[in-house]
Structures are given as C-alpha cells and as structure tokens.
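Student: First, the structure itself, so that you have it in front of you.
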Amino acid sequence: MSESRNVSYSFLGPTGTFTEAALAQVVRAQGKTWRAVNNVGEAFDDVVSGRSVAAMIAIENSVDGGVSATQDALASVPGLRIIGEYLVPVNFVLVARPGTVLADVKAINAHPVAYAQCRRWLESNLPHHGHLPASSNVAAAASLVDTGQADAAIAPPGIEKHHDVIVLARAIGDNANAVTRFVLVSRTTAVPPRTGADKTSLIVELPEDRSGALLEMLEQFATRGVNLSLIQSRPIGDAMGRYRFVIDADGHIHDERVADALLGLRRFSPEVIFLGSYPRADKQPIEFTSRYDDDVFIGARSWLSGLLGEPEA
C-alpha cells in the first residue's frame, strides 16, 4: 500500500453523520483512510498522536451558536491549527423500527443539539414524548436496533440506507436554513495563502475581571478595521469571573490590519492562542475601507523609521 493511502482523517462517526458529510468536501481526503471516532477529545488525540493528519470537527451552528466542547478542547490542546472550514446544511428526519407508527412514539433518542433544533415540531406532533440523549445523530438511529429503549430517533436524512429503520417524518427541523460550520484541524503550522476571502480564529483571555477589559480587547480589532464574525465567551475554570473569548476575525494574518491587531492583543492579553488563518467556506471577499489597506500600515512604519533615522525596509 502506498504512503498516501496510509494517510488518515478523523471524523465524528459513525458513517452517515453530518461531520462525515463535511469531510467529504475535503478534496485531499478523497481516497484516504477515514477514522470514525466517538468524541472531540478522541479526534484531537488522533491528530496529536499522528494517527490522523487532520480531524473534522463541528465548531458552530447557525441556530445554537458555538460548540462549547470543541472550543474548550482547542483552548486546552496545544499545537493545533485550523486549516479549513466547511458548511453543511442541517435537517433531520424522525425514524423508527419497521412497523412503528407516529402514535406509538413515547420516547425519542436524539443528540441534544439535534433535539433542541426539532423542539417545536416535537412539541406540536408528540407533546408527551420523553428524550433519551445520544452521542451522535447516527448513534441515535442505531440504538433503535441495538437497545430498543426508545421508540424513535432523530437522525440525518438518508439514515435508512445504513440502518434497518423507516422514516416517520421528514424535515422536522425548526429552521429550514440551519447550517453547521465544521473546521479541519491539523498539527501543521503552515498558514494557507491568503485569498482575500479569509478568516482568522483566535482564543483570547482577558487580563483581569474589571470594568472596560472587554472593551479594550475589542478595540484592538475596531481601531484597525477588523470585523469579528464570531465572539463567544467561555469560562477558563480556575476562578469565578475569569473568561476566555473564542474569536473569528475577518481577514488573514498576512493582512497588515489583522497582523497589527494580533500585536495589540499580545500586548494586552496574558494568553492569545492563534488557531489559524484559512479560506472562508462561503468564499465571500472581505470588505473594509481603504484607510486599512496594507499600504497604509506599511507607509506608517516607514514614516516612523524615517523619524528614527533608520533605513526604510
């Protein structure tokens, strides 16, 4: 077997998950080995240990926001970089064992996130149901056959091709436009070239719990014309009032405005984790005013060098 075929990619399994659908978008993963894992920690352990070159992980949902397990793991596992992002439309079906009808359903097996995204449909159509949490959407369907504890399960469309279940209802998600954002995480430190449609991900700790600390952090971006597409707080866990912020900034570390913002953050914060700069999944070019062009920052540095009597770069 060739070395290229020995390359592995990890994803939250089993087969049929939305995470696997995200990995299917990665061109360089085609024809390689895909390792199904049970949780984020196992996926990251694959990457850190070298069992896999990269892992596909859900990091944000358009309905429920950031995935806290992924965010916390990225903050605690050193040496990881995001090298790409991928979007997967999310909808759900209600499935059951053959012979089951909707009126038979009293208990539903579902991943907590999927359950939350189908709550209105469930309350309307099955107002007296109970919920049994599952580790993944596919595992919820598989459990119908394996354990029989639930009468039905919330699962991805097409699950009936992989398991002996029937579909009781389709498109049960409360938001037809729901999308989950996935990131491909690797140990590589090489930053993908900038495309003009990029995103930079960071984790930043506030230096202390005091009035104005959050504003000072945000000013590092605002004064340099860098828009934030995500900012979410997570407790550090060592004391009350101590928080880190997961941040997605529009732009690339090779953009002068973004690089200058990172320098400002490094002076301000006791801990700045650079998670990577990578192309946006939607390929939308980043818009900013001309006063934040690269040439403006480069010109300012040249001006200062002149004042100091230093030769221009």
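Following the order of the structure tokens, first chain is A, next is B, and so on, with residues numbered from 1 inside each chain and ligands from 1 in the order they appear.
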Would you give me, as a VMD selection string, the residues in segment 24-257 of chain A that DSSP reads as strand (DSSP E or B)?

Tutor: chain A and resid 33 to 37 54 to 61 65 to 66 81 to 89 93 to 96 107 to 110 130 to 133 152 to 155 166 to 169 179 to 186 198 to 205 228 to 235 243 to 250

Student: Can you pull out the residues contacting segment 100-114 of chain A? Cut-off 6 Å, using only C-alpha atoms, and skip same-chain residues under 6 positions away; I want them as a list of chain:residue names.

Tutor: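 Close residues of segment 100-114 of chain A: A:His129, A:Gly130, A:His131, A:Leu132, A:Pro133, A:Ala134, A:Ser135, A:Ser136, A:Asn137, A:Ala140, A:Ala150, A:Asp151, A:Ala152, A:Ala153, A:Ile154.
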
Student: Excluding Arg244 of chain A and its own-chain neighbours fewer than 2 positions away, which residues fall within 7 Å of it when counting only C-alpha atoms? Please give them as an MDAnalysis selection string.

Tutor: chainID A and resid 203:206 233:236 246

Student: Per DSSP on the backbone, what are the helix (DSSP H, G or I) residues of segment 222-267 of chain A, as a PDB file with all heavy atoms, in the first residue's frame?

Tutor:
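Output below, filename selection30.pdb:
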```pdb
ATOM      1  N   ALA A 222     -11.310  46.931  16.424  1.00  0.00           N
ATOM      2  CA  ALA A 222     -12.083  48.044  15.884  1.00  0.00           C
ATOM      3  C   ALA A 222     -11.187  49.150  15.335  1.00  0.00           C
ATOM      4  O   ALA A 222     -11.462  49.720  14.283  1.00  0.00           O
ATOM      5  CB  ALA A 222     -13.023  48.599  16.957  1.00  0.00           C
ATOM      6  N   GLU A 256      -2.062  43.237   6.788  1.00  0.00           N
ATOM      7  CA  GLU A 256      -1.414  44.123   7.751  1.00  0.00           C
ATOM      8  C   GLU A 256      -2.336  44.511   8.894  1.00  0.00           C
ATOM      9  O   GLU A 256      -1.912  44.582  10.056  1.00  0.00           O
ATOM     10  CB  GLU A 256      -0.900  45.381   7.038  1.00  0.00           C
ATOM     11  CG  GLU A 256       0.234  45.143   6.060  1.00  0.00           C
ATOM     12  CD  GLU A 256       1.549  44.847   6.772  1.00  0.00           C
ATOM     13  OE1 GLU A 256       1.668  45.186   7.963  1.00  0.00           O
ATOM     14  OE2 GLU A 256       2.445  44.270   6.131  1.00  0.00           O
ATOM     15  N   ARG A 257      -3.607  44.751   8.600  1.00  0.00           N
ATOM     16  CA  ARG A 257      -4.528  45.182   9.656  1.00  0.00           C
ATOM     17  C   ARG A 257      -4.753  44.070  10.676  1.00  0.00           C
ATOM     18  O   ARG A 257      -4.868  44.323  11.873  1.00  0.00           O
ATOM     19  CB  ARG A 257      -5.859  45.637   9.040  1.00  0.00           C
ATOM     20  CG  ARG A 257      -6.629  44.554   8.331  1.00  0.00           C
ATOM     21  CD  ARG A 257      -7.845  45.093   7.576  1.00  0.00           C
ATOM     22  NE  ARG A 257      -8.619  43.989   7.007  1.00  0.00           N
ATOM     23  CZ  ARG A 257      -8.294  43.344   5.896  1.00  0.00           C
ATOM     24  NH1 ARG A 257      -7.216  43.695   5.224  1.00  0.00           N
ATOM     25  NH2 ARG A 257      -9.054  42.358   5.451  1.00  0.00           N
ATOM     26  N   VAL A 258      -4.811  42.816  10.203  1.00  0.00           N
ATOM     27  CA  VAL A 258      -5.010  41.689  11.110  1.00  0.00           C
ATOM     28  C   VAL A 258      -3.742  41.440  11.929  1.00  0.00           C
ATOM     29  O   VAL A 258      -3.798  41.230  13.150  1.00  0.00           O
ATOM     30  CB  VAL A 258      -5.407  40.421  10.332  1.00  0.00           C
ATOM     31  CG1 VAL A 258      -5.497  39.221  11.263  1.00  0.00           C
ATOM     32  CG2 VAL A 258      -6.746  40.629   9.613  1.00  0.00           C
ATOM     33  N   ALA A 259      -2.589  41.486  11.281  1.00  0.00           N
ATOM     34  CA  ALA A 259      -1.325  41.281  11.993  1.00  0.00           C
ATOM     35  C   ALA A 259      -1.136  42.337  13.076  1.00  0.00           C
ATOM     36  O   ALA A 259      -0.696  42.030  14.196  1.00  0.00           O
ATOM     37  CB  ALA A 259      -0.160  41.309  11.001  1.00  0.00           C
ATOM     38  N   ASP A 260      -1.474  43.588  12.754  1.00  0.00           N
ATOM     39  CA  ASP A 260      -1.326  44.662  13.736  1.00  0.00           C
ATOM     40  C   ASP A 260      -2.286  44.468  14.911  1.00  0.00           C
ATOM     41  O   ASP A 260      -1.938  44.744  16.070  1.00  0.00           O
ATOM     42  CB  ASP A 260      -1.575  46.008  13.061  1.00  0.00           C
ATOM     43  CG  ASP A 260      -0.885  47.150  13.782  1.00  0.00           C
ATOM     44  OD1 ASP A 260       0.350  47.073  13.963  1.00  0.00           O
ATOM     45  OD2 ASP A 260      -1.577  48.105  14.177  1.00  0.00           O
ATOM     46  N   ALA A 261      -3.497  43.945  14.629  1.00  0.00           N
ATOM     47  CA  ALA A 261      -4.449  43.662  15.701  1.00  0.00           C
ATOM     48  C   ALA A 261      -3.921  42.556  16.616  1.00  0.00           C
ATOM     49  O   ALA A 261      -4.067  42.622  17.843  1.00  0.00           O
ATOM     50  CB  ALA A 261      -5.801  43.260  15.119  1.00  0.00           C
ATOM     51  N   LEU A 262      -3.263  41.557  16.032  1.00  0.00           N
ATOM     52  CA  LEU A 262      -2.695  40.481  16.841  1.00  0.00           C
ATOM     53  C   LEU A 262      -1.581  41.003  17.746  1.00  0.00           C
ATOM     54  O   LEU A 262      -1.453  40.572  18.901  1.00  0.00           O
ATOM     55  CB  LEU A 262      -2.158  39.364  15.942  1.00  0.00           C
ATOM     56  CG  LEU A 262      -3.195  38.575  15.136  1.00  0.00           C
ATOM     57  CD1 LEU A 262      -2.525  37.439  14.381  1.00  0.00           C
ATOM     58  CD2 LEU A 262      -4.287  38.034  16.042  1.00  0.00           C
ATOM     59  N   LEU A 263      -0.771  41.925  17.230  1.00  0.00           N
ATOM     60  CA  LEU A 263       0.266  42.527  18.065  1.00  0.00           C
ATOM     61  C   LEU A 263      -0.356  43.280  19.244  1.00  0.00           C
ATOM     62  O   LEU A 263       0.133  43.215  20.371  1.00  0.00           O
ATOM     63  CB  LEU A 263       1.130  43.468  17.234  1.00  0.00           C
ATOM     64  CG  LEU A 263       2.056  42.811  16.207  1.00  0.00           C
ATOM     65  CD1 LEU A 263       2.753  43.870  15.369  1.00  0.00           C
ATOM     66  CD2 LEU A 263       3.072  41.918  16.903  1.00  0.00           C
ATOM     67  N   GLY A 264      -1.448  43.998  18.969  1.00  0.00           N
ATOM     68  CA  GLY A 264      -2.132  44.699  20.043  1.00  0.00           C
ATOM     69  C   GLY A 264      -2.694  43.740  21.078  1.00  0.00           C
ATOM     70  O   GLY A 264      -2.605  43.979  22.283  1.00  0.00           O
ATOM     71  N   LEU A 265      -3.267  42.628  20.617  1.00  0.00           N
ATOM     72  CA  LEU A 265      -3.799  41.619  21.533  1.00  0.00           C
ATOM     73  C   LEU A 265      -2.691  41.023  22.403  1.00  0.00           C
ATOM     74  O   LEU A 265      -2.871  40.795  23.597  1.00  0.00           O
ATOM     75  CB  LEU A 265      -4.480  40.495  20.750  1.00  0.00           C
ATOM     76  CG  LEU A 265      -5.855  40.783  20.142  1.00  0.00           C
ATOM     77  CD1 LEU A 265      -6.287  39.604  19.293  1.00  0.00           C
ATOM     78  CD2 LEU A 265      -6.882  41.069  21.222  1.00  0.00           C
ATOM     79  N   ARG A 266      -1.543  40.756  21.786  1.00  0.00           N
ATOM     80  CA  ARG A 266      -0.438  40.136  22.523  1.00  0.00           C
ATOM     81  C   ARG A 266       0.070  41.053  23.629  1.00  0.00           C
ATOM     82  O   ARG A 266       0.486  40.588  24.689  1.00  0.00           O
ATOM     83  CB  ARG A 266       0.697  39.790  21.550  1.00  0.00           C
ATOM     84  CG  ARG A 266       1.832  39.006  22.192  1.00  0.00           C
ATOM     85  CD  ARG A 266       1.331  37.662  22.685  1.00  0.00           C
ATOM     86  NE  ARG A 266       2.364  36.928  23.396  1.00  0.00           N
ATOM     87  CZ  ARG A 266       2.656  37.073  24.684  1.00  0.00           C
ATOM     88  NH1 ARG A 266       1.976  37.954  25.409  1.00  0.00           N
ATOM     89  NH2 ARG A 266       3.602  36.363  25.245  1.00  0.00           N
ATOM     90  N   ARG A 267       0.026  42.362  23.398  1.00  0.00           N
ATOM     91  CA  ARG A 267       0.431  43.301  24.445  1.00  0.00           C
ATOM     92  C   ARG A 267      -0.608  43.385  25.554  1.00  0.00           C
ATOM     93  O   ARG A 267      -0.291  43.660  26.710  1.00  0.00           O
ATOM     94  CB  ARG A 267       0.655  44.692  23.840  1.00  0.00           C
ATOM     95  CG  ARG A 267       1.844  44.787  22.909  1.00  0.00           C
ATOM     96  CD  ARG A 267       2.164  46.236  22.558  1.00  0.00           C
ATOM     97  NE  ARG A 267       1.085  46.864  21.821  1.00  0.00           N
ATOM     98  CZ  ARG A 267       1.025  46.914  20.489  1.00  0.00           C
ATOM     99  NH1 ARG A 267       1.971  46.331  19.756  1.00  0.00           N
ATOM    100  NH2 ARG A 267       0.018  47.502  19.884  1.00  0.00           N
TER     101      ARG A 267
END
```

Student: Which neighbours of Arg181 of chain A fall inside 12 Å, counting only C-alpha atoms, when residues of the same chain fewer than 2 positions from it are skipped, and could you give them as a PyMOL selection string?

Tutor: chain A and resi 18-19+21-23+56-67+70+84-90+178-179+183-184+230+280-282

Student: Restricting the calculation to only C-alpha atoms, which member of A:Arg97, A:Pro192, A:Ser186, A:Ile253 is positioned closest to Gly148 of chain A?

Tutor: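 Checking each of A:Arg97, A:Pro192, A:Ser186, A:Ile253 against Gly148 of chain A, counting only C-alpha atoms, the winner is A:Arg97.
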
Student: Report, in Å to a single decimal, how far apart atom CA of Ala190 of chain A and atom CA of Ser302 of chain A are.

Tutor: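 Here the two named atoms are 28.0 Å from each other.
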
Student: Find the spatial neighbours of segment 28-35 of chain A, counting only C-alpha atoms, within a cut-off of 12 Å - ignore same-chain residues fewer than 6 positions away - and output them as a compact mmCIF listing (two decimals) with all heavy atoms, in the first residue's frame.

Tutor:
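Wrote selection-v2.txt, looks like this:
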```
# COMPACT_ATOMS: atom_id res chain seq x y z
N MET A 1 0.86 -1.21 0.00
CA MET A 1 0.00 0.00 0.00
C MET A 1 0.88 1.24 0.00
O MET A 1 1.84 1.32 0.73
CB MET A 1 -0.91 -0.01 1.23
CG MET A 1 -1.89 1.17 1.29
SD MET A 1 -2.99 1.07 2.74
CE MET A 1 -4.00 -0.33 2.26
N SER A 2 0.52 2.23 -0.80
CA SER A 2 1.34 3.44 -0.90
C SER A 2 1.20 4.27 0.36
O SER A 2 0.24 4.17 1.11
CB SER A 2 0.91 4.27 -2.12
OG SER A 2 -0.38 4.78 -1.93
N GLU A 3 2.21 5.14 0.58
CA GLU A 3 2.19 6.01 1.77
C GLU A 3 0.97 6.91 1.76
O GLU A 3 0.38 7.18 2.80
CB GLU A 3 3.48 6.83 1.80
CG GLU A 3 3.59 7.72 3.03
CD GLU A 3 4.87 8.50 3.06
OE1 GLU A 3 5.75 8.24 2.22
OE2 GLU A 3 4.99 9.39 3.93
N SER A 4 0.56 7.41 0.57
CA SER A 4 -0.58 8.33 0.51
C SER A 4 -1.86 7.66 0.99
O SER A 4 -2.73 8.30 1.58
CB SER A 4 -0.76 8.85 -0.92
OG SER A 4 -1.08 7.78 -1.80
N ARG A 5 -1.96 6.34 0.76
CA ARG A 5 -3.17 5.64 1.20
C ARG A 5 -3.17 5.37 2.70
O ARG A 5 -4.18 5.02 3.28
CB ARG A 5 -3.35 4.34 0.42
CG ARG A 5 -3.72 4.57 -1.05
CD ARG A 5 -4.08 3.27 -1.74
NE ARG A 5 -4.54 3.52 -3.10
CZ ARG A 5 -5.78 3.83 -3.43
NH1 ARG A 5 -6.70 3.93 -2.48
NH2 ARG A 5 -6.13 4.04 -4.67
N ASN A 6 -2.01 5.48 3.34
CA ASN A 6 -1.92 5.30 4.78
C ASN A 6 -2.33 6.56 5.54
O ASN A 6 -2.46 6.52 6.75
CB ASN A 6 -0.50 4.90 5.19
CG ASN A 6 -0.21 3.45 4.81
OD1 ASN A 6 -1.10 2.62 4.86
ND2 ASN A 6 1.02 3.16 4.43
N VAL A 7 -2.49 7.67 4.86
CA VAL A 7 -2.90 8.91 5.49
C VAL A 7 -4.34 8.79 5.97
O VAL A 7 -5.22 8.35 5.23
CB VAL A 7 -2.75 10.09 4.51
CG1 VAL A 7 -3.37 11.35 5.10
CG2 VAL A 7 -1.29 10.32 4.17
N SER A 8 -4.58 9.19 7.22
CA SER A 8 -5.91 9.07 7.81
C SER A 8 -6.48 10.43 8.20
O SER A 8 -5.74 11.34 8.58
CB SER A 8 -5.87 8.18 9.06
OG SER A 8 -5.49 6.87 8.74
N TYR A 9 -7.80 10.54 8.11
CA TYR A 9 -8.55 11.70 8.58
C TYR A 9 -9.60 11.20 9.57
O TYR A 9 -10.27 10.20 9.32
CB TYR A 9 -9.24 12.41 7.42
CG TYR A 9 -8.30 13.15 6.50
CD1 TYR A 9 -7.59 12.47 5.52
CD2 TYR A 9 -8.12 14.52 6.61
CE1 TYR A 9 -6.71 13.14 4.67
CE2 TYR A 9 -7.26 15.21 5.76
CZ TYR A 9 -6.56 14.51 4.80
OH TYR A 9 -5.70 15.18 3.96
N SER A 10 -9.74 11.91 10.69
CA SER A 10 -10.70 11.52 11.71
C SER A 10 -11.96 12.37 11.61
O SER A 10 -11.91 13.55 11.23
CB SER A 10 -10.10 11.65 13.11
OG SER A 10 -9.01 10.76 13.27
N PHE A 11 -13.09 11.76 11.97
CA PHE A 11 -14.37 12.49 11.98
C PHE A 11 -15.27 11.86 13.04
O PHE A 11 -15.08 10.70 13.42
CB PHE A 11 -15.04 12.45 10.61
CG PHE A 11 -15.58 11.08 10.23
CD1 PHE A 11 -16.92 10.78 10.41
CD2 PHE A 11 -14.75 10.10 9.71
CE1 PHE A 11 -17.43 9.53 10.08
CE2 PHE A 11 -15.24 8.85 9.37
CZ PHE A 11 -16.59 8.56 9.56
N LEU A 12 -16.24 12.63 13.51
CA LEU A 12 -17.19 12.12 14.48
C LEU A 12 -18.13 11.14 13.78
O LEU A 12 -18.90 11.53 12.90
CB LEU A 12 -17.99 13.26 15.12
CG LEU A 12 -19.00 12.83 16.18
CD1 LEU A 12 -18.30 12.18 17.37
CD2 LEU A 12 -19.81 14.05 16.66
N GLY A 13 -18.03 9.87 14.15
CA GLY A 13 -18.80 8.83 13.49
C GLY A 13 -20.06 8.49 14.27
O GLY A 13 -20.44 9.18 15.20
N PRO A 14 -20.70 7.42 13.82
CA PRO A 14 -20.30 6.51 12.74
C PRO A 14 -20.66 7.04 11.36
O PRO A 14 -21.03 8.21 11.22
CB PRO A 14 -21.09 5.24 13.07
CG PRO A 14 -22.33 5.75 13.76
CD PRO A 14 -21.88 6.94 14.56
N THR A 15 -20.55 6.19 10.35
CA THR A 15 -20.85 6.58 8.98
C THR A 15 -22.26 7.15 8.87
O THR A 15 -23.21 6.61 9.43
CB THR A 15 -20.71 5.36 8.04
OG1 THR A 15 -19.35 4.93 8.06
CG2 THR A 15 -21.10 5.71 6.62
N THR A 19 -20.78 15.31 10.14
CA THR A 19 -19.33 15.50 10.14
C THR A 19 -18.69 14.76 8.97
O THR A 19 -17.77 15.26 8.33
CB THR A 19 -18.72 15.03 11.46
OG1 THR A 19 -19.50 15.51 12.55
CG2 THR A 19 -17.29 15.53 11.60
N GLU A 20 -19.17 13.56 8.69
CA GLU A 20 -18.66 12.81 7.54
C GLU A 20 -19.00 13.55 6.24
O GLU A 20 -18.19 13.58 5.31
CB GLU A 20 -19.24 11.41 7.51
CG GLU A 20 -18.62 10.54 6.42
CD GLU A 20 -19.26 9.17 6.34
OE1 GLU A 20 -20.50 9.09 6.42
OE2 GLU A 20 -18.51 8.18 6.18
N ALA A 21 -20.17 14.17 6.18
CA ALA A 21 -20.55 14.94 5.00
C ALA A 21 -19.61 16.13 4.82
O ALA A 21 -19.29 16.51 3.69
CB ALA A 21 -22.00 15.42 5.13
N ALA A 22 -19.17 16.74 5.93
CA ALA A 22 -18.21 17.84 5.84
C ALA A 22 -16.86 17.33 5.32
O ALA A 22 -16.22 17.95 4.47
CB ALA A 22 -18.04 18.51 7.19
N GLU A 42 -11.24 12.40 21.34
CA GLU A 42 -10.63 11.29 20.61
C GLU A 42 -10.12 11.76 19.25
O GLU A 42 -9.04 11.34 18.80
CB GLU A 42 -11.65 10.16 20.43
CG GLU A 42 -11.06 8.89 19.83
CD GLU A 42 -12.08 7.77 19.72
OE1 GLU A 42 -13.19 7.90 20.29
OE2 GLU A 42 -11.77 6.77 19.04
N ALA A 43 -10.86 12.64 18.60
CA ALA A 43 -10.42 13.17 17.31
C ALA A 43 -9.12 13.95 17.45
O ALA A 43 -8.18 13.79 16.66
CB ALA A 43 -11.51 14.05 16.72
N PHE A 44 -9.05 14.82 18.47
CA PHE A 44 -7.83 15.60 18.67
C PHE A 44 -6.66 14.72 19.08
O PHE A 44 -5.52 14.98 18.71
CB PHE A 44 -8.08 16.68 19.72
CG PHE A 44 -8.87 17.86 19.20
CD1 PHE A 44 -9.23 18.89 20.04
CD2 PHE A 44 -9.23 17.94 17.87
CE1 PHE A 44 -9.96 19.98 19.57
CE2 PHE A 44 -9.96 19.01 17.39
CZ PHE A 44 -10.32 20.03 18.24
N ASP A 46 -6.16 11.74 18.04
CA ASP A 46 -5.68 11.16 16.78
C ASP A 46 -4.69 12.08 16.09
O ASP A 46 -3.66 11.64 15.57
CB ASP A 46 -6.87 10.90 15.84
CG ASP A 46 -7.56 9.57 16.12
OD1 ASP A 46 -7.13 8.85 17.04
OD2 ASP A 46 -8.55 9.27 15.42
N VAL A 47 -5.02 13.38 16.08
CA VAL A 47 -4.16 14.35 15.40
C VAL A 47 -2.85 14.53 16.17
O VAL A 47 -1.76 14.51 15.59
CB VAL A 47 -4.89 15.70 15.25
CG1 VAL A 47 -3.95 16.76 14.66
CG2 VAL A 47 -6.12 15.54 14.35
N ARG A 51 -1.93 9.63 14.50
CA ARG A 51 -2.74 8.60 13.85
C ARG A 51 -3.50 9.16 12.66
O ARG A 51 -3.78 8.44 11.70
CB ARG A 51 -3.73 7.99 14.86
CG ARG A 51 -3.12 7.00 15.82
CD ARG A 51 -4.18 6.27 16.62
NE ARG A 51 -4.92 7.19 17.48
CZ ARG A 51 -4.57 7.49 18.72
NH1 ARG A 51 -3.48 6.95 19.25
NH2 ARG A 51 -5.29 8.31 19.44
N SER A 52 -3.85 10.44 12.74
CA SER A 52 -4.51 11.12 11.63
C SER A 52 -3.79 12.42 11.32
O SER A 52 -3.24 13.06 12.22
CB SER A 52 -5.98 11.41 11.96
OG SER A 52 -6.73 10.21 12.07
N VAL A 53 -3.79 12.82 10.06
CA VAL A 53 -3.17 14.09 9.69
C VAL A 53 -4.07 15.26 10.02
O VAL A 53 -3.60 16.39 10.18
CB VAL A 53 -2.81 14.11 8.19
CG1 VAL A 53 -1.77 13.05 7.87
CG2 VAL A 53 -4.04 13.94 7.31
N ALA A 54 -5.38 15.00 10.14
CA ALA A 54 -6.32 16.07 10.45
C ALA A 54 -7.62 15.47 10.93
O ALA A 54 -7.89 14.27 10.71
CB ALA A 54 -6.56 16.96 9.23
N ALA A 55 -8.43 16.28 11.59
CA ALA A 55 -9.74 15.84 12.08
C ALA A 55 -10.79 16.88 11.73
O ALA A 55 -10.54 18.09 11.84
CB ALA A 55 -9.71 15.62 13.59
N MET A 56 -11.96 16.42 11.32
CA MET A 56 -13.07 17.30 11.01
C MET A 56 -13.96 17.41 12.25
O MET A 56 -14.40 16.39 12.81
CB MET A 56 -13.89 16.75 9.84
CG MET A 56 -14.99 17.68 9.39
SD MET A 56 -14.39 19.25 8.68
CE MET A 56 -13.78 18.67 7.08
N GLY A 84 -8.96 24.76 7.45
CA GLY A 84 -10.06 24.93 6.51
C GLY A 84 -11.39 24.88 7.22
O GLY A 84 -11.49 24.35 8.34
N LEU A 184 -11.46 21.86 9.79
CA LEU A 184 -10.46 20.80 9.67
C LEU A 184 -9.25 21.21 10.48
O LEU A 184 -8.65 22.26 10.24
CB LEU A 184 -10.09 20.60 8.20
CG LEU A 184 -9.24 19.35 7.88
CD1 LEU A 184 -10.02 18.08 8.20
CD2 LEU A 184 -8.81 19.36 6.43
```

Student: Between atom CA of Ile231 of chain A and atom CA of Glu219 of chain A, what is the spacing in Å?

Tutor: 13.4 Å

Student: Leaving out Asp255 of chain A and any residue of its chain fewer than 2 positions from it, which residues lie within 12 Å of it when counting only C-alpha atoms, given as number ranges by chain?

Tutor: A: 193-200, 224-226, 249-253, 257-262, 277, 286, 288, 292-298

Student: My list of candidates is A:Glu216, A:Gly276, A:Asp209, A:Val145. Which is closest to Gly79 of chain A when distances are computed with only C-alpha atoms?

Tutor: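 Among the listed residues, A:Gly276 lies closest to Gly79 of chain A.
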
Student: Find the distance between atom CA of Trp121 of chain A and atom CA of Gly173 of chain A and write it in Å to one decimal.

Tutor: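 Separating atom CA of Trp121 of chain A from atom CA of Gly173 of chain A is a distance of 7.1 Å.
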
Student: Quick one: of A:Pro311, A:Gly237, A:Gly16, A:Gly212, who's nearest to Ala139 of chain A, counting only C-alpha atoms?

Tutor: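 Smallest distance to Ala139 of chain A is found for A:Gly16.
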
Student: Taking into account only C-alpha atoms, which residue in the set A:Lys161, A:Arg291, A:Arg187, A:His128 is nearest to Asp45 of chain A?

Tutor: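 Under the stated criterion, the closest residue is A:Arg187.
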